[in-house]
Amino acid sequence: DAGVIQSPRHEVTEMGQEVTLRCKPISGHNSLFWYRQTMMRGLELLIYFNNNVPIDDSGMPEDRFSAKMPNASFSTLKIQPSEPRDSAVYFCASGPSGQGISEQYFGPGTRLTVT
Amino acid sequence: AQSVTQPDIHITVSEGASLELRCNYSYGATPYLFWYVQSPGQGLQLLLKYFSGDTLVQGIKGFEAEFKRSQSSFNLRKPSVHWSDAAEYFCAVGPYGGSQGNLIFGKGTKLSVKP
């Protein structure tokens, strides 16, 4: 199994530009999670999907952030416009569905730097 | 309120010494407990998980964890630490039953290993 795939692995952009992060979950997993990790705030959940439907987006910091999951094998996290304070590592994780299962498997992350 | 507490921010142990990382949780429902490890520049890797049964669970890389309901704890242990164990360790709690839900992560404990 390839595991969770994220692209790009590194992104450097200028303030005001649009940034799109991509994630391919593990095949067969029905839940997908986007996290942000910084030194100051640690690991924060931004949004999660179950069966391609957003379940909880209360962690999305503001309207500049949006996430989509058009099908079971692909999700995007978009930041428009980007700001320096968005610099962080963004992780995607997926999890199997089913009664009593809540474990998550993480991708390698995308390190975003906004200058 | 649901929470996970890892009281030790940073621990240093000598190679070959034993290790115990502490985790306490507060959770209203039946918890599903996890330990993850994050090596520098990497995503989070699942070490082990517990829901029911034997309260001592074995994970990968020689780690084990013991669930103590009376103490609301799920401490991670390893009898002999290797230099490659230097990383950050996260305890997490999630729901059991029903649809897929979110995990609540602790702030993490950074482990340094002295030669």
# chains A, B, ... in the order shown; residues from 1 in each chain; ligands from 1
$ residues_around --residues "B:Lys49" --least-positions-apart "2" --cutoff "8 Å" --atoms "only C-alpha atoms" --output "list in words"
Tyr32, Leu33, Phe34, Trp35, Leu46, Leu47, Phe51, Val57 and Gly59 of chain B
$ closest_atom_pairs --of "chain A" --to "chain B" --cutoff "12 Å" --atoms "only C-alpha atoms" --output "Markdown table"
| residue | atom | partner | partner_atom | distance |
| --- | --- | --- | --- | --- |
| A:Gly3 | CA | B:Gln45 | CA | 10.9 |
| A:Val4 | CA | B:Gly43 | CA | 10.0 |
| A:Ile5 | CA | B:Gly43 | CA | 11.0 |
| A:Gln6 | CA | B:Gly43 | CA | 10.6 |
| A:Arg9 | CA | B:Gly41 | CA | 10.4 |
| A:His10 | CA | B:Gly41 | CA | 11.1 |
| A:His29 | CA | B:Gln100 | CA | 10.5 |
| A:Asn30 | CA | B:Gln100 | CA | 8.4 |
| A:Ser31 | CA | B:Gln100 | CA | 6.8 |
| A:Leu32 | CA | B:Gln100 | CA | 9.7 |
| A:Phe33 | CA | B:Asn102 | CA | 8.4 |
| A:Trp34 | CA | B:Asn102 | CA | 10.9 |
| A:Tyr35 | CA | B:Gly43 | CA | 10.9 |
| A:Arg36 | CA | B:Gly43 | CA | 11.4 |
| A:Gln37 | CA | B:Gly43 | CA | 10.3 |
| A:Thr38 | CA | B:Lys107 | CA | 11.2 |
| A:Met39 | CA | B:Lys107 | CA | 10.3 |
| A:Met40 | CA | B:Lys107 | CA | 10.5 |
| A:Arg41 | CA | B:Lys107 | CA | 8.7 |
| A:Gly42 | CA | B:Lys107 | CA | 6.3 |
| A:Leu43 | CA | B:Lys107 | CA | 7.5 |
| A:Glu44 | CA | B:Phe105 | CA | 8.7 |
| A:Leu45 | CA | B:Asn102 | CA | 8.5 |
| A:Leu46 | CA | B:Asn102 | CA | 10.8 |
| A:Ile47 | CA | B:Asn102 | CA | 9.5 |
| A:Tyr48 | CA | B:Asn102 | CA | 7.7 |
| A:Phe49 | CA | B:Gln100 | CA | 9.2 |
| A:Asn50 | CA | B:Gln100 | CA | 7.0 |
| A:Asn51 | CA | B:Gln100 | CA | 9.7 |
| A:Val53 | CA | B:Gln100 | CA | 11.9 |
| A:Pro54 | CA | B:Gly101 | CA | 11.7 |
| A:Ile55 | CA | B:Gly101 | CA | 8.9 |
| A:Asp56 | CA | B:Asn102 | CA | 8.9 |
| A:Asp57 | CA | B:Asn102 | CA | 11.3 |
| A:Ser58 | CA | B:Asn102 | CA | 11.9 |
| A:Gly59 | CA | B:Asn102 | CA | 11.6 |
| A:Ala88 | CA | B:Gly41 | CA | 12.0 |
| A:Val89 | CA | B:Gly41 | CA | 9.3 |
| A:Tyr90 | CA | B:Gly43 | CA | 9.6 |
| A:Phe91 | CA | B:Gly43 | CA | 7.2 |
| A:Cys92 | CA | B:Gly43 | CA | 9.1 |
| A:Ala93 | CA | B:Leu44 | CA | 9.2 |
| A:Ser94 | CA | B:Gln100 | CA | 10.5 |
| A:Gly95 | CA | B:Gln100 | CA | 8.0 |
| A:Pro96 | CA | B:Gln100 | CA | 8.0 |
| A:Ser97 | CA | B:Gln100 | CA | 6.0 |
| A:Gly98 | CA | B:Ser99 | CA | 6.9 |
| A:Gln99 | CA | B:Gly97 | CA | 5.1 |
| A:Gly100 | CA | B:Gly97 | CA | 4.0 |
| A:Ile101 | CA | B:Tyr96 | CA | 6.3 |
| A:Ser102 | CA | B:Gln100 | CA | 5.7 |
| A:Glu103 | CA | B:Phe34 | CA | 7.7 |
| A:Gln104 | CA | B:Leu46 | CA | 7.9 |
| A:Tyr105 | CA | B:Leu46 | CA | 7.0 |
| A:Phe106 | CA | B:Leu44 | CA | 5.6 |
| A:Gly107 | CA | B:Gly43 | CA | 5.7 |
| A:Pro108 | CA | B:Gly43 | CA | 4.4 |
| A:Gly109 | CA | B:Gly43 | CA | 6.0 |
| A:Thr110 | CA | B:Gly43 | CA | 9.6 |
| A:Arg111 | CA | B:Gly41 | CA | 9.1 |
$ atom_distance --atom1 "atom CA of A:Arg22" --atom2 "atom CA of A:Ser73"
10.7 Å
$ atom_distance --atom1 "atom CA of A:Ser66" --atom2 "atom CA of A:Pro81"
11.0 Å
$ residues_around --residues "stretch 72-85 of chain B" --least-positions-apart "6" --cutoff "6 Å" --atoms "only C-alpha atoms" --output "PyMOL selection string"
chain B and resi 15-25+63-66+113
$ select_by_dssp --residues "stretch 15-115 of chain B" --states "helix (DSSP H, G or I)" --output "ChimeraX atom specification"
/B:60-62,69-71,83-85
$ write_last_selection --atoms "N, CA and C atoms" --output "mmCIF file, in the first residue's frame"
data_model
loop_
_atom_site.group_PDB
_atom_site.id
_atom_site.type_symbol
_atom_site.label_atom_id
_atom_site.label_comp_id
_atom_site.auth_asym_id
_atom_site.auth_seq_id
_atom_site.Cartn_x
_atom_site.Cartn_y
_atom_site.Cartn_z
ATOM 1 N N ILE B 60 4.758 -1.294 17.398
ATOM 2 C CA ILE B 60 5.933 -1.473 16.560
ATOM 3 C C ILE B 60 7.171 -0.904 17.252
ATOM 4 N N LYS B 61 8.332 -1.271 16.765
ATOM 5 C CA LYS B 61 9.614 -0.745 17.241
ATOM 6 C C LYS B 61 9.883 -1.067 18.702
ATOM 7 N N GLY B 62 9.248 -2.093 19.243
ATOM 8 C CA GLY B 62 9.514 -2.510 20.611
ATOM 9 C C GLY B 62 8.791 -1.718 21.685
ATOM 10 N N ARG B 69 -7.478 2.416 33.549
ATOM 11 C CA ARG B 69 -8.742 3.150 33.562
ATOM 12 C C ARG B 69 -8.881 4.001 34.808
ATOM 13 N N SER B 70 -8.484 3.449 35.958
ATOM 14 C CA SER B 70 -8.653 4.165 37.229
ATOM 15 C C SER B 70 -7.840 5.449 37.270
ATOM 16 N N GLN B 71 -6.765 5.486 36.496
ATOM 17 C CA GLN B 71 -5.904 6.676 36.477
ATOM 18 C C GLN B 71 -6.085 7.486 35.198
ATOM 19 N N TRP B 83 19.171 4.978 19.799
ATOM 20 C CA TRP B 83 19.348 6.361 19.347
ATOM 21 C C TRP B 83 18.303 6.735 18.297
ATOM 22 N N SER B 84 17.862 5.753 17.515
ATOM 23 C CA SER B 84 16.883 6.045 16.464
ATOM 24 C C SER B 84 15.486 6.338 17.012
ATOM 25 N N ASP B 85 15.288 6.152 18.312
ATOM 26 C CA ASP B 85 13.993 6.472 18.910
ATOM 27 C C ASP B 85 13.827 7.966 19.174
#
$ residues_around --residues "A:Thr20" --least-positions-apart "4" --cutoff "8 Å" --atoms "only C-alpha atoms" --output "number ranges by chain"
A: 76-79
$ select_by_dssp --residues "stretch 33-89 of chain A" --states "strand (DSSP E)" --output "MDAnalysis selection string"
chainID A and resid 33:38 42:50 53:56 65:71 74:79 88:89
$ atom_distance --atom1 "atom CA of A:Pro84" --atom2 "atom CA of A:Val12"
10.5 Å
$ closest_residue --among "A:Ile26, A:Ala2, A:Met15, A:Met60" --to "A:Thr115" --atoms "only C-alpha atoms"
A:Met15
